[in-house]
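Source file: data11.cif; contents: mmCIF, N, CA, C and O atoms.
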```cif
data_upload
#
loop_
_atom_site.label_atom_id
_atom_site.label_comp_id
_atom_site.auth_asym_id
_atom_site.auth_seq_id
_atom_site.Cartn_x
_atom_site.Cartn_y
_atom_site.Cartn_z
N MET Z 71 19.64 5.60 -24.85
CA MET Z 71 18.44 4.85 -24.55
C MET Z 71 17.47 5.76 -23.81
O MET Z 71 17.46 5.82 -22.60
N ASN Z 72 16.69 6.47 -24.55
CA ASN Z 72 15.72 7.38 -23.94
C ASN Z 72 14.32 6.79 -23.95
O ASN Z 72 13.35 7.51 -23.76
N ASP Z 73 14.20 5.48 -24.17
CA ASP Z 73 12.90 4.84 -24.14
C ASP Z 73 12.33 4.92 -22.74
O ASP Z 73 13.06 4.82 -21.75
N SER Z 74 11.01 5.07 -22.66
CA SER Z 74 10.40 5.09 -21.34
C SER Z 74 10.41 3.67 -20.78
O SER Z 74 10.33 2.69 -21.52
N LEU Z 75 10.52 3.58 -19.49
CA LEU Z 75 10.60 2.29 -18.80
C LEU Z 75 9.31 2.11 -18.01
O LEU Z 75 8.89 3.01 -17.28
N THR Z 76 8.68 0.95 -18.15
CA THR Z 76 7.45 0.63 -17.45
C THR Z 76 7.67 -0.60 -16.59
O THR Z 76 8.25 -1.58 -17.05
N VAL Z 77 7.21 -0.53 -15.36
CA VAL Z 77 7.28 -1.67 -14.44
C VAL Z 77 5.86 -2.10 -14.14
O VAL Z 77 5.08 -1.35 -13.55
N TYR Z 78 5.52 -3.31 -14.55
CA TYR Z 78 4.22 -3.90 -14.25
C TYR Z 78 4.35 -4.63 -12.91
O TYR Z 78 5.23 -5.49 -12.77
N THR Z 79 3.52 -4.26 -11.95
CA THR Z 79 3.68 -4.76 -10.58
C THR Z 79 2.38 -5.34 -10.03
O THR Z 79 1.32 -5.20 -10.63
N LEU Z 80 2.50 -5.97 -8.88
CA LEU Z 80 1.37 -6.45 -8.10
C LEU Z 80 1.55 -5.99 -6.66
O LEU Z 80 2.69 -5.92 -6.18
N PRO Z 81 0.48 -5.71 -5.96
CA PRO Z 81 0.59 -5.32 -4.55
C PRO Z 81 1.21 -6.46 -3.72
O PRO Z 81 0.93 -7.63 -3.95
N GLY Z 82 2.07 -6.08 -2.80
CA GLY Z 82 2.69 -7.06 -1.91
C GLY Z 82 3.78 -7.90 -2.55
O GLY Z 82 4.25 -8.87 -1.95
N CYS Z 83 4.20 -7.55 -3.74
CA CYS Z 83 5.22 -8.31 -4.48
C CYS Z 83 6.61 -7.82 -4.07
O CYS Z 83 6.99 -6.69 -4.36
N LYS Z 84 7.36 -8.68 -3.40
CA LYS Z 84 8.69 -8.30 -2.91
C LYS Z 84 9.64 -7.99 -4.07
O LYS Z 84 10.39 -7.02 -4.02
N GLN Z 85 9.60 -8.81 -5.13
CA GLN Z 85 10.48 -8.55 -6.27
C GLN Z 85 10.12 -7.24 -6.97
O GLN Z 85 11.00 -6.54 -7.48
N CYS Z 86 8.84 -6.91 -6.96
CA CYS Z 86 8.40 -5.63 -7.54
C CYS Z 86 8.99 -4.47 -6.73
O CYS Z 86 9.52 -3.51 -7.29
N ASP Z 87 8.89 -4.58 -5.41
CA ASP Z 87 9.43 -3.54 -4.53
C ASP Z 87 10.94 -3.40 -4.70
O ASP Z 87 11.47 -2.28 -4.76
N LEU Z 88 11.64 -4.53 -4.80
CA LEU Z 88 13.09 -4.49 -4.99
C LEU Z 88 13.45 -3.85 -6.33
O LEU Z 88 14.41 -3.08 -6.42
N THR Z 89 12.68 -4.16 -7.36
CA THR Z 89 12.93 -3.58 -8.68
C THR Z 89 12.76 -2.07 -8.65
O THR Z 89 13.62 -1.33 -9.13
N LYS Z 90 11.66 -1.60 -8.07
CA LYS Z 90 11.43 -0.15 -7.99
C LYS Z 90 12.51 0.53 -7.14
O LYS Z 90 12.99 1.61 -7.50
N HIS Z 91 12.90 -0.11 -6.05
CA HIS Z 91 13.94 0.46 -5.18
C HIS Z 91 15.27 0.57 -5.95
O HIS Z 91 15.98 1.58 -5.85
N ALA Z 92 15.61 -0.46 -6.71
CA ALA Z 92 16.86 -0.44 -7.48
C ALA Z 92 16.81 0.62 -8.57
O ALA Z 92 17.81 1.31 -8.81
N LEU Z 93 15.67 0.76 -9.24
CA LEU Z 93 15.54 1.80 -10.25
C LEU Z 93 15.66 3.19 -9.63
O LEU Z 93 16.33 4.07 -10.18
N ASP Z 94 15.03 3.37 -8.47
CA ASP Z 94 15.14 4.65 -7.76
C ASP Z 94 16.60 4.93 -7.41
O ASP Z 94 17.09 6.04 -7.62
N GLY Z 95 17.29 3.93 -6.89
CA GLY Z 95 18.69 4.08 -6.49
C GLY Z 95 19.60 4.39 -7.67
O GLY Z 95 20.60 5.09 -7.52
N ALA Z 96 19.24 3.86 -8.84
CA ALA Z 96 20.04 4.10 -10.04
C ALA Z 96 19.66 5.40 -10.73
O ALA Z 96 20.28 5.79 -11.72
N GLY Z 97 18.60 6.06 -10.23
CA GLY Z 97 18.16 7.30 -10.84
C GLY Z 97 17.46 7.11 -12.18
O GLY Z 97 17.45 8.03 -13.01
N VAL Z 98 16.89 5.95 -12.39
CA VAL Z 98 16.20 5.65 -13.65
C VAL Z 98 14.71 5.94 -13.48
O VAL Z 98 14.06 5.33 -12.63
N PRO Z 99 14.15 6.85 -14.26
CA PRO Z 99 12.72 7.13 -14.15
C PRO Z 99 11.90 5.99 -14.76
O PRO Z 99 12.34 5.33 -15.70
N TYR Z 100 10.72 5.77 -14.20
CA TYR Z 100 9.87 4.69 -14.68
C TYR Z 100 8.42 4.99 -14.37
O TYR Z 100 8.11 5.83 -13.55
N VAL Z 101 7.55 4.25 -15.04
CA VAL Z 101 6.11 4.33 -14.83
C VAL Z 101 5.68 3.00 -14.24
O VAL Z 101 6.11 1.94 -14.72
N VAL Z 102 4.85 3.05 -13.20
CA VAL Z 102 4.34 1.83 -12.58
C VAL Z 102 2.93 1.56 -13.08
O VAL Z 102 2.10 2.46 -13.12
N VAL Z 103 2.68 0.31 -13.46
CA VAL Z 103 1.35 -0.13 -13.85
C VAL Z 103 0.96 -1.28 -12.93
O VAL Z 103 1.68 -2.29 -12.85
N ASP Z 104 -0.14 -1.13 -12.24
CA ASP Z 104 -0.62 -2.13 -11.28
C ASP Z 104 -1.43 -3.19 -12.02
O ASP Z 104 -2.51 -2.92 -12.53
N LEU Z 105 -0.91 -4.40 -12.05
CA LEU Z 105 -1.58 -5.49 -12.75
C LEU Z 105 -2.88 -5.90 -12.05
O LEU Z 105 -3.75 -6.50 -12.68
N ALA Z 106 -3.02 -5.57 -10.78
CA ALA Z 106 -4.23 -5.93 -10.04
C ALA Z 106 -5.43 -5.09 -10.44
O ALA Z 106 -6.57 -5.48 -10.22
N THR Z 107 -5.17 -3.94 -11.05
CA THR Z 107 -6.28 -3.03 -11.39
C THR Z 107 -6.39 -2.73 -12.88
O THR Z 107 -7.30 -2.02 -13.28
N ASP Z 108 -5.47 -3.24 -13.69
CA ASP Z 108 -5.46 -2.90 -15.11
C ASP Z 108 -5.49 -4.17 -15.96
O ASP Z 108 -4.46 -4.80 -16.19
N GLU Z 109 -6.68 -4.54 -16.41
CA GLU Z 109 -6.86 -5.77 -17.20
C GLU Z 109 -6.08 -5.74 -18.51
O GLU Z 109 -5.54 -6.76 -18.93
N SER Z 110 -6.00 -4.58 -19.16
CA SER Z 110 -5.26 -4.51 -20.42
C SER Z 110 -3.77 -4.72 -20.18
O SER Z 110 -3.07 -5.29 -21.03
N ALA Z 111 -3.28 -4.30 -19.03
CA ALA Z 111 -1.87 -4.52 -18.70
C ALA Z 111 -1.60 -6.01 -18.50
O ALA Z 111 -0.54 -6.51 -18.89
N VAL Z 112 -2.56 -6.72 -17.89
CA VAL Z 112 -2.41 -8.17 -17.71
C VAL Z 112 -2.27 -8.83 -19.08
O VAL Z 112 -1.41 -9.69 -19.29
N GLU Z 113 -3.09 -8.41 -20.03
CA GLU Z 113 -3.02 -8.97 -21.38
C GLU Z 113 -1.68 -8.64 -22.05
O GLU Z 113 -1.09 -9.49 -22.73
N THR Z 114 -1.20 -7.42 -21.84
CA THR Z 114 0.10 -7.02 -22.39
C THR Z 114 1.21 -7.92 -21.87
O THR Z 114 2.04 -8.42 -22.63
N VAL Z 115 1.21 -8.16 -20.56
CA VAL Z 115 2.23 -8.99 -19.93
C VAL Z 115 2.13 -10.44 -20.43
O VAL Z 115 3.14 -11.08 -20.73
N LYS Z 116 0.91 -10.94 -20.57
CA LYS Z 116 0.71 -12.30 -21.09
C LYS Z 116 1.22 -12.42 -22.52
O LYS Z 116 1.83 -13.42 -22.89
N GLN Z 117 0.96 -11.39 -23.34
CA GLN Z 117 1.43 -11.41 -24.72
C GLN Z 117 2.94 -11.41 -24.81
O GLN Z 117 3.51 -11.93 -25.77
N LEU Z 118 3.60 -10.84 -23.81
CA LEU Z 118 5.06 -10.88 -23.77
C LEU Z 118 5.58 -12.24 -23.30
O LEU Z 118 6.78 -12.50 -23.36
N GLY Z 119 4.67 -13.09 -22.81
CA GLY Z 119 5.06 -14.44 -22.39
C GLY Z 119 5.32 -14.58 -20.91
O GLY Z 119 5.88 -15.59 -20.47
N TYR Z 120 4.91 -13.61 -20.10
CA TYR Z 120 5.17 -13.65 -18.67
C TYR Z 120 3.90 -13.96 -17.88
O TYR Z 120 2.80 -13.60 -18.29
N SER Z 121 4.11 -14.60 -16.74
CA SER Z 121 2.97 -14.91 -15.88
C SER Z 121 3.23 -14.52 -14.43
O SER Z 121 2.45 -14.87 -13.55
N SER Z 122 4.33 -13.82 -14.19
CA SER Z 122 4.61 -13.36 -12.83
C SER Z 122 5.22 -11.96 -12.88
O SER Z 122 5.83 -11.57 -13.88
N ALA Z 123 5.04 -11.24 -11.80
CA ALA Z 123 5.54 -9.86 -11.70
C ALA Z 123 6.84 -9.85 -10.91
O ALA Z 123 7.10 -10.78 -10.15
N PRO Z 124 7.62 -8.82 -11.08
CA PRO Z 124 7.44 -7.67 -11.95
C PRO Z 124 7.82 -8.00 -13.39
O PRO Z 124 8.61 -8.91 -13.64
N VAL Z 125 7.27 -7.23 -14.30
CA VAL Z 125 7.68 -7.26 -15.70
C VAL Z 125 8.14 -5.85 -16.04
O VAL Z 125 7.42 -4.89 -15.78
N VAL Z 126 9.34 -5.76 -16.56
CA VAL Z 126 9.92 -4.47 -16.92
C VAL Z 126 9.99 -4.40 -18.44
O VAL Z 126 10.48 -5.32 -19.09
N VAL Z 127 9.50 -3.31 -19.00
CA VAL Z 127 9.52 -3.10 -20.45
C VAL Z 127 10.19 -1.77 -20.72
O VAL Z 127 9.82 -0.74 -20.15
N ILE Z 128 11.20 -1.82 -21.58
CA ILE Z 128 11.88 -0.60 -22.01
C ILE Z 128 12.17 -0.74 -23.50
O ILE Z 128 12.95 -1.58 -23.91
N GLY Z 129 11.47 0.07 -24.29
CA GLY Z 129 11.61 -0.05 -25.74
C GLY Z 129 11.19 -1.45 -26.17
O GLY Z 129 10.13 -1.94 -25.78
N ALA Z 130 12.03 -2.11 -26.96
CA ALA Z 130 11.75 -3.46 -27.43
C ALA Z 130 12.23 -4.53 -26.44
O ALA Z 130 11.94 -5.70 -26.59
N ALA Z 131 12.97 -4.12 -25.42
CA ALA Z 131 13.51 -5.06 -24.43
C ALA Z 131 12.53 -5.23 -23.27
O ALA Z 131 11.78 -4.32 -22.93
N ASN Z 132 12.54 -6.41 -22.68
CA ASN Z 132 11.70 -6.67 -21.51
C ASN Z 132 12.26 -7.84 -20.73
O ASN Z 132 13.01 -8.65 -21.26
N TRP Z 133 11.91 -7.88 -19.45
CA TRP Z 133 12.30 -9.00 -18.60
C TRP Z 133 11.33 -9.12 -17.45
O TRP Z 133 10.55 -8.21 -17.18
N SER Z 134 11.41 -10.25 -16.77
CA SER Z 134 10.55 -10.50 -15.62
C SER Z 134 11.42 -10.81 -14.41
O SER Z 134 12.52 -11.36 -14.55
N GLY Z 135 10.93 -10.44 -13.24
CA GLY Z 135 11.66 -10.72 -12.00
C GLY Z 135 12.60 -9.58 -11.64
O GLY Z 135 12.78 -8.63 -12.39
N PHE Z 136 13.18 -9.70 -10.46
CA PHE Z 136 14.15 -8.71 -9.99
C PHE Z 136 15.47 -9.00 -10.65
O PHE Z 136 16.09 -10.03 -10.41
N ARG Z 137 15.91 -8.11 -11.54
CA ARG Z 137 17.14 -8.29 -12.31
C ARG Z 137 18.06 -7.09 -12.13
O ARG Z 137 18.09 -6.17 -12.95
N PRO Z 138 18.83 -7.06 -11.04
CA PRO Z 138 19.72 -5.92 -10.82
C PRO Z 138 20.73 -5.74 -11.94
O PRO Z 138 21.13 -4.61 -12.24
N ASP Z 139 21.14 -6.81 -12.60
CA ASP Z 139 22.07 -6.70 -13.72
C ASP Z 139 21.46 -5.91 -14.88
O ASP Z 139 22.12 -5.05 -15.47
N LYS Z 140 20.20 -6.16 -15.16
CA LYS Z 140 19.52 -5.44 -16.24
C LYS Z 140 19.31 -3.97 -15.86
O LYS Z 140 19.47 -3.08 -16.69
N ILE Z 141 18.94 -3.74 -14.61
CA ILE Z 141 18.73 -2.37 -14.14
C ILE Z 141 20.03 -1.59 -14.23
O ILE Z 141 20.06 -0.44 -14.68
N GLN Z 142 21.12 -2.22 -13.83
CA GLN Z 142 22.43 -1.57 -13.90
C GLN Z 142 22.81 -1.25 -15.35
O GLN Z 142 23.34 -0.18 -15.64
N ALA Z 143 22.48 -2.16 -16.26
CA ALA Z 143 22.79 -1.93 -17.68
C ALA Z 143 21.97 -0.75 -18.23
O ALA Z 143 22.49 0.06 -18.99
N VAL Z 144 20.71 -0.67 -17.85
CA VAL Z 144 19.87 0.45 -18.29
C VAL Z 144 20.42 1.76 -17.74
O VAL Z 144 20.54 2.75 -18.46
N ALA Z 145 20.79 1.77 -16.47
CA ALA Z 145 21.34 2.98 -15.85
C ALA Z 145 22.64 3.39 -16.53
O ALA Z 145 22.86 4.58 -16.79
N ALA Z 146 23.49 2.42 -16.84
CA ALA Z 146 24.77 2.72 -17.49
C ALA Z 146 24.54 3.29 -18.89
O ALA Z 146 25.20 4.24 -19.30
N ALA Z 147 23.58 2.72 -19.62
CA ALA Z 147 23.30 3.20 -20.97
C ALA Z 147 22.77 4.62 -20.93
O ALA Z 147 23.10 5.45 -21.78
N ARG Z 148 21.95 4.92 -19.95
CA ARG Z 148 21.39 6.27 -19.84
C ARG Z 148 22.45 7.28 -19.42
O ARG Z 148 22.38 8.43 -19.80
N SER Z 149 23.43 6.86 -18.64
CA SER Z 149 24.44 7.81 -18.17
C SER Z 149 25.44 8.18 -19.26
O SER Z 149 26.10 9.19 -19.16
N THR Z 150 25.52 7.38 -20.33
CA THR Z 150 26.45 7.70 -21.41
C THR Z 150 25.81 8.59 -22.47
O THR Z 150 26.49 9.07 -23.36
N GLU Z 151 24.51 8.80 -22.38
CA GLU Z 151 23.83 9.67 -23.33
C GLU Z 151 24.08 11.13 -22.96
O GLU Z 151 24.11 11.47 -21.79
N PRO Z 152 24.24 11.97 -23.95
CA PRO Z 152 24.39 13.39 -23.63
C PRO Z 152 23.08 13.91 -23.05
O PRO Z 152 22.00 13.52 -23.48
N PRO Z 153 23.17 14.76 -22.04
CA PRO Z 153 21.94 15.29 -21.45
C PRO Z 153 21.20 16.18 -22.45
O PRO Z 153 21.82 16.84 -23.27
N THR Z 154 19.90 16.15 -22.36
CA THR Z 154 19.11 17.02 -23.22
C THR Z 154 18.72 18.25 -22.43
O THR Z 154 18.19 18.16 -21.34
N MET Z 155 19.03 19.39 -22.99
CA MET Z 155 18.74 20.66 -22.34
C MET Z 155 17.91 21.50 -23.29
O MET Z 155 18.16 21.50 -24.49
N PRO Z 156 16.95 22.21 -22.77
CA PRO Z 156 16.19 23.10 -23.64
C PRO Z 156 17.08 24.24 -24.12
O PRO Z 156 18.05 24.61 -23.46
N ALA Z 157 16.75 24.77 -25.28
CA ALA Z 157 17.50 25.90 -25.81
C ALA Z 157 17.26 27.13 -24.93
O ALA Z 157 16.19 27.34 -24.42
N VAL Z 158 18.30 27.90 -24.76
CA VAL Z 158 18.19 29.13 -23.96
C VAL Z 158 18.31 30.31 -24.90
O VAL Z 158 19.18 30.36 -25.76
N THR Z 159 17.41 31.26 -24.74
CA THR Z 159 17.47 32.48 -25.54
C THR Z 159 17.51 33.68 -24.61
O THR Z 159 17.15 33.59 -23.44
N THR Z 160 17.95 34.78 -25.13
CA THR Z 160 17.98 36.02 -24.36
C THR Z 160 17.15 37.05 -25.11
O THR Z 160 17.31 37.24 -26.31
N ASP Z 161 16.24 37.70 -24.38
CA ASP Z 161 15.39 38.71 -25.02
C ASP Z 161 16.13 40.05 -25.06
O ASP Z 161 17.28 40.17 -24.66
N LYS Z 162 15.45 41.08 -25.52
CA LYS Z 162 16.07 42.40 -25.69
C LYS Z 162 16.59 42.99 -24.38
O LYS Z 162 17.51 43.79 -24.37
N LEU Z 163 15.98 42.60 -23.28
CA LEU Z 163 16.41 43.13 -21.98
C LEU Z 163 17.50 42.28 -21.33
O LEU Z 163 17.94 42.57 -20.23
N GLY Z 164 17.91 41.22 -22.02
CA GLY Z 164 18.95 40.38 -21.47
C GLY Z 164 18.43 39.28 -20.54
O GLY Z 164 19.22 38.64 -19.86
N CYS Z 165 17.12 39.08 -20.53
CA CYS Z 165 16.54 38.03 -19.69
C CYS Z 165 16.59 36.71 -20.43
O CYS Z 165 16.27 36.62 -21.61
N ARG Z 166 16.97 35.67 -19.71
CA ARG Z 166 17.05 34.34 -20.32
C ARG Z 166 15.70 33.65 -20.23
O ARG Z 166 14.97 33.82 -19.27
N SER Z 167 15.35 32.89 -21.25
CA SER Z 167 14.12 32.12 -21.23
C SER Z 167 14.37 30.77 -21.85
O SER Z 167 15.27 30.62 -22.69
N TRP Z 168 13.58 29.80 -21.45
CA TRP Z 168 13.68 28.44 -21.98
C TRP Z 168 12.70 28.25 -23.11
O TRP Z 168 11.61 28.79 -23.08
N GLN Z 169 13.12 27.49 -24.09
CA GLN Z 169 12.22 27.20 -25.22
C GLN Z 169 11.80 25.76 -25.15
O GLN Z 169 12.47 24.90 -24.73
#
```
Please go through the file and, once you have read it, give me the structure as C-alpha cells.
Amino acid sequence: MNDSLTVYTLPGCKQCDLTKHALDGAGVPYVVVDLATDESAVETVKQLGYSSAPVVVIGAANWSGFRPDKIQAVAAARSTEPPTMPAVTTDKLGCRSWQ
C-alpha cells in the first residue's frame, strides 16, 4: 500500500490532532490539507459524504474521525511491503552513486 495518505483537518480539532499524532507514532507519512483555507478540499470531503473532520483518504479508502484501528491497519500494511531502494551503481573509480 504505497498510496499517499491525506488528512483533511480543521484548526483546533482534537480528533485531527489525535489522528496526526497516531500517524506520526506509526511512522506513516501523510499530507495535511486545512479545510479552513481550502474550498476545493471542502468540496472533496463533502463529495465523499463527510461533514466533520478529520477525513483521511488513502487510495480508494477513506474514513472520518479518529480511527486508531484504521491507522494501525495502514501502518501494518505498509510494514509488510518490501522497502524501495534506489539502484546503486559503481563508477570506474569504485565510487557508489544512486540512480
Discussion item. Selection in question (the file shown): the PyMOL selection byres (((chain Z and resi 111-122 and name CA) around 10) and name CA). Which residues does it include, as a list in words?
Written reply: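 Given this file, the PyMOL selection byres (((chain Z and resi 111-122 and name CA) around 10) and name CA) evaluates to Tyr78, Thr79, Leu80, Cys83, Val103, Asp104, Leu105, Ala106, Thr107, Asp108, Glu109, Ser110, Ala123, Pro124, Val125, Val126, Val127, Asn132, Trp133, Ser134 and Gly135 of chain Z.
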Fill in: Computed interatomic separation between atom CA of Z:Ala130 and atom CA of Z:Ser149 (Å)
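For atom CA of Z:Ala130 relative to atom CA of Z:Ser149, the distance reads 19.3 Å.
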Worksheet entry | Chain and number of each residue from the PyMOL selection byres (((chain Z and resi 98 and name CA) around 12) and name CA), as an MDAnalysis selection string | chainID Z and resid 71:77 89:97 99:101 128 140:149
Item to complete: Looking only at alpha helix (DSSP H) from DSSP on the backbone, list the matching residues of stretch 76-167 of chain Z as a ChimeraX atom specification.
Response: /Z:84-96,109-117,138-149
Fill in: Coordinates-based distance that separates atom CA of Z:Asp139 from atom C of Z:Pro81 (Å, one decimal)
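Atom C of Z:Pro81 sits 23.1 Å away from atom CA of Z:Asp139.
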Item to complete: Figure out the distance between atom O of Z:Thr150 and atom O of Z:Gly129, please, to one decimal in Å.
Response: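 Between atom O of Z:Gly129 and atom O of Z:Thr150 the gap works out to 19.9 Å.
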Quick one: stretch 129-139 of chain Z with all heavy atoms, as a PDB file, in the frame of the given file?
```pdb
ATOM      1  N   GLY Z 129      11.470   0.070 -24.290  1.00  0.00           N
ATOM      2  CA  GLY Z 129      11.610  -0.050 -25.740  1.00  0.00           C
ATOM      3  C   GLY Z 129      11.190  -1.450 -26.170  1.00  0.00           C
ATOM      4  O   GLY Z 129      10.130  -1.940 -25.780  1.00  0.00           O
ATOM      5  N   ALA Z 130      12.030  -2.110 -26.960  1.00  0.00           N
ATOM      6  CA  ALA Z 130      11.750  -3.460 -27.430  1.00  0.00           C
ATOM      7  C   ALA Z 130      12.230  -4.530 -26.440  1.00  0.00           C
ATOM      8  O   ALA Z 130      11.940  -5.700 -26.590  1.00  0.00           O
ATOM      9  CB  ALA Z 130      12.401  -3.698 -28.782  1.00  0.00           C
ATOM     10  N   ALA Z 131      12.970  -4.120 -25.420  1.00  0.00           N
ATOM     11  CA  ALA Z 131      13.510  -5.060 -24.430  1.00  0.00           C
ATOM     12  C   ALA Z 131      12.530  -5.230 -23.270  1.00  0.00           C
ATOM     13  O   ALA Z 131      11.780  -4.320 -22.930  1.00  0.00           O
ATOM     14  CB  ALA Z 131      14.845  -4.553 -23.902  1.00  0.00           C
ATOM     15  N   ASN Z 132      12.540  -6.410 -22.680  1.00  0.00           N
ATOM     16  CA  ASN Z 132      11.700  -6.670 -21.510  1.00  0.00           C
ATOM     17  C   ASN Z 132      12.260  -7.840 -20.730  1.00  0.00           C
ATOM     18  O   ASN Z 132      13.010  -8.650 -21.260  1.00  0.00           O
ATOM     19  CB  ASN Z 132      10.246  -6.913 -21.925  1.00  0.00           C
ATOM     20  CG  ASN Z 132      10.111  -7.994 -22.959  1.00  0.00           C
ATOM     21  OD1 ASN Z 132      10.252  -9.164 -22.662  1.00  0.00           O
ATOM     22  ND2 ASN Z 132       9.854  -7.595 -24.201  1.00  0.00           N
ATOM     23  N   TRP Z 133      11.910  -7.880 -19.450  1.00  0.00           N
ATOM     24  CA  TRP Z 133      12.300  -9.000 -18.600  1.00  0.00           C
ATOM     25  C   TRP Z 133      11.330  -9.120 -17.450  1.00  0.00           C
ATOM     26  O   TRP Z 133      10.550  -8.210 -17.180  1.00  0.00           O
ATOM     27  CB  TRP Z 133      13.730  -8.858 -18.098  1.00  0.00           C
ATOM     28  CG  TRP Z 133      13.974  -7.771 -17.098  1.00  0.00           C
ATOM     29  CD1 TRP Z 133      13.780  -7.854 -15.746  1.00  0.00           C
ATOM     30  CD2 TRP Z 133      14.455  -6.453 -17.338  1.00  0.00           C
ATOM     31  NE1 TRP Z 133      14.114  -6.661 -15.137  1.00  0.00           N
ATOM     32  CE2 TRP Z 133      14.535  -5.785 -16.097  1.00  0.00           C
ATOM     33  CE3 TRP Z 133      14.840  -5.762 -18.493  1.00  0.00           C
ATOM     34  CZ2 TRP Z 133      14.969  -4.475 -15.979  1.00  0.00           C
ATOM     35  CZ3 TRP Z 133      15.274  -4.452 -18.359  1.00  0.00           C
ATOM     36  CH2 TRP Z 133      15.335  -3.829 -17.119  1.00  0.00           C
ATOM     37  N   SER Z 134      11.410 -10.250 -16.770  1.00  0.00           N
ATOM     38  CA  SER Z 134      10.550 -10.500 -15.620  1.00  0.00           C
ATOM     39  C   SER Z 134      11.420 -10.810 -14.410  1.00  0.00           C
ATOM     40  O   SER Z 134      12.520 -11.360 -14.550  1.00  0.00           O
ATOM     41  CB  SER Z 134       9.626 -11.681 -15.905  1.00  0.00           C
ATOM     42  OG  SER Z 134       8.791 -11.949 -14.798  1.00  0.00           O
ATOM     43  N   GLY Z 135      10.930 -10.440 -13.240  1.00  0.00           N
ATOM     44  CA  GLY Z 135      11.660 -10.720 -12.000  1.00  0.00           C
ATOM     45  C   GLY Z 135      12.600  -9.580 -11.640  1.00  0.00           C
ATOM     46  O   GLY Z 135      12.780  -8.630 -12.390  1.00  0.00           O
ATOM     47  N   PHE Z 136      13.180  -9.700 -10.460  1.00  0.00           N
ATOM     48  CA  PHE Z 136      14.150  -8.710  -9.990  1.00  0.00           C
ATOM     49  C   PHE Z 136      15.470  -9.000 -10.650  1.00  0.00           C
ATOM     50  O   PHE Z 136      16.090 -10.030 -10.410  1.00  0.00           O
ATOM     51  CB  PHE Z 136      14.255  -8.766  -8.475  1.00  0.00           C
ATOM     52  CG  PHE Z 136      15.310  -7.845  -7.917  1.00  0.00           C
ATOM     53  CD1 PHE Z 136      15.320  -6.506  -8.244  1.00  0.00           C
ATOM     54  CD2 PHE Z 136      16.280  -8.329  -7.065  1.00  0.00           C
ATOM     55  CE1 PHE Z 136      16.281  -5.649  -7.728  1.00  0.00           C
ATOM     56  CE2 PHE Z 136      17.245  -7.483  -6.529  1.00  0.00           C
ATOM     57  CZ  PHE Z 136      17.255  -6.148  -6.871  1.00  0.00           C
ATOM     58  N   ARG Z 137      15.910  -8.110 -11.540  1.00  0.00           N
ATOM     59  CA  ARG Z 137      17.140  -8.290 -12.310  1.00  0.00           C
ATOM     60  C   ARG Z 137      18.060  -7.090 -12.130  1.00  0.00           C
ATOM     61  O   ARG Z 137      18.090  -6.170 -12.950  1.00  0.00           O
ATOM     62  CB  ARG Z 137      16.807  -8.462 -13.791  1.00  0.00           C
ATOM     63  CG  ARG Z 137      16.009  -9.699 -14.150  1.00  0.00           C
ATOM     64  CD  ARG Z 137      16.828 -10.985 -14.014  1.00  0.00           C
ATOM     65  NE  ARG Z 137      18.093 -10.927 -14.719  1.00  0.00           N
ATOM     66  CZ  ARG Z 137      18.274 -11.338 -15.977  1.00  0.00           C
ATOM     67  NH1 ARG Z 137      17.272 -11.825 -16.667  1.00  0.00           N
ATOM     68  NH2 ARG Z 137      19.471 -11.246 -16.536  1.00  0.00           N
ATOM     69  N   PRO Z 138      18.830  -7.060 -11.040  1.00  0.00           N
ATOM     70  CA  PRO Z 138      19.720  -5.920 -10.820  1.00  0.00           C
ATOM     71  C   PRO Z 138      20.730  -5.740 -11.940  1.00  0.00           C
ATOM     72  O   PRO Z 138      21.130  -4.610 -12.240  1.00  0.00           O
ATOM     73  CB  PRO Z 138      20.408  -6.226  -9.490  1.00  0.00           C
ATOM     74  CG  PRO Z 138      19.979  -7.586  -9.080  1.00  0.00           C
ATOM     75  CD  PRO Z 138      18.880  -8.025  -9.969  1.00  0.00           C
ATOM     76  N   ASP Z 139      21.140  -6.810 -12.600  1.00  0.00           N
ATOM     77  CA  ASP Z 139      22.070  -6.700 -13.720  1.00  0.00           C
ATOM     78  C   ASP Z 139      21.460  -5.910 -14.880  1.00  0.00           C
ATOM     79  O   ASP Z 139      22.120  -5.050 -15.470  1.00  0.00           O
ATOM     80  CB  ASP Z 139      22.514  -8.081 -14.194  1.00  0.00           C
ATOM     81  CG  ASP Z 139      21.356  -8.980 -14.624  1.00  0.00           C
ATOM     82  OD1 ASP Z 139      20.272  -8.926 -13.985  1.00  0.00           O
ATOM     83  OD2 ASP Z 139      21.523  -9.751 -15.589  1.00  0.00           O
TER      84      ASP Z 139
END
```
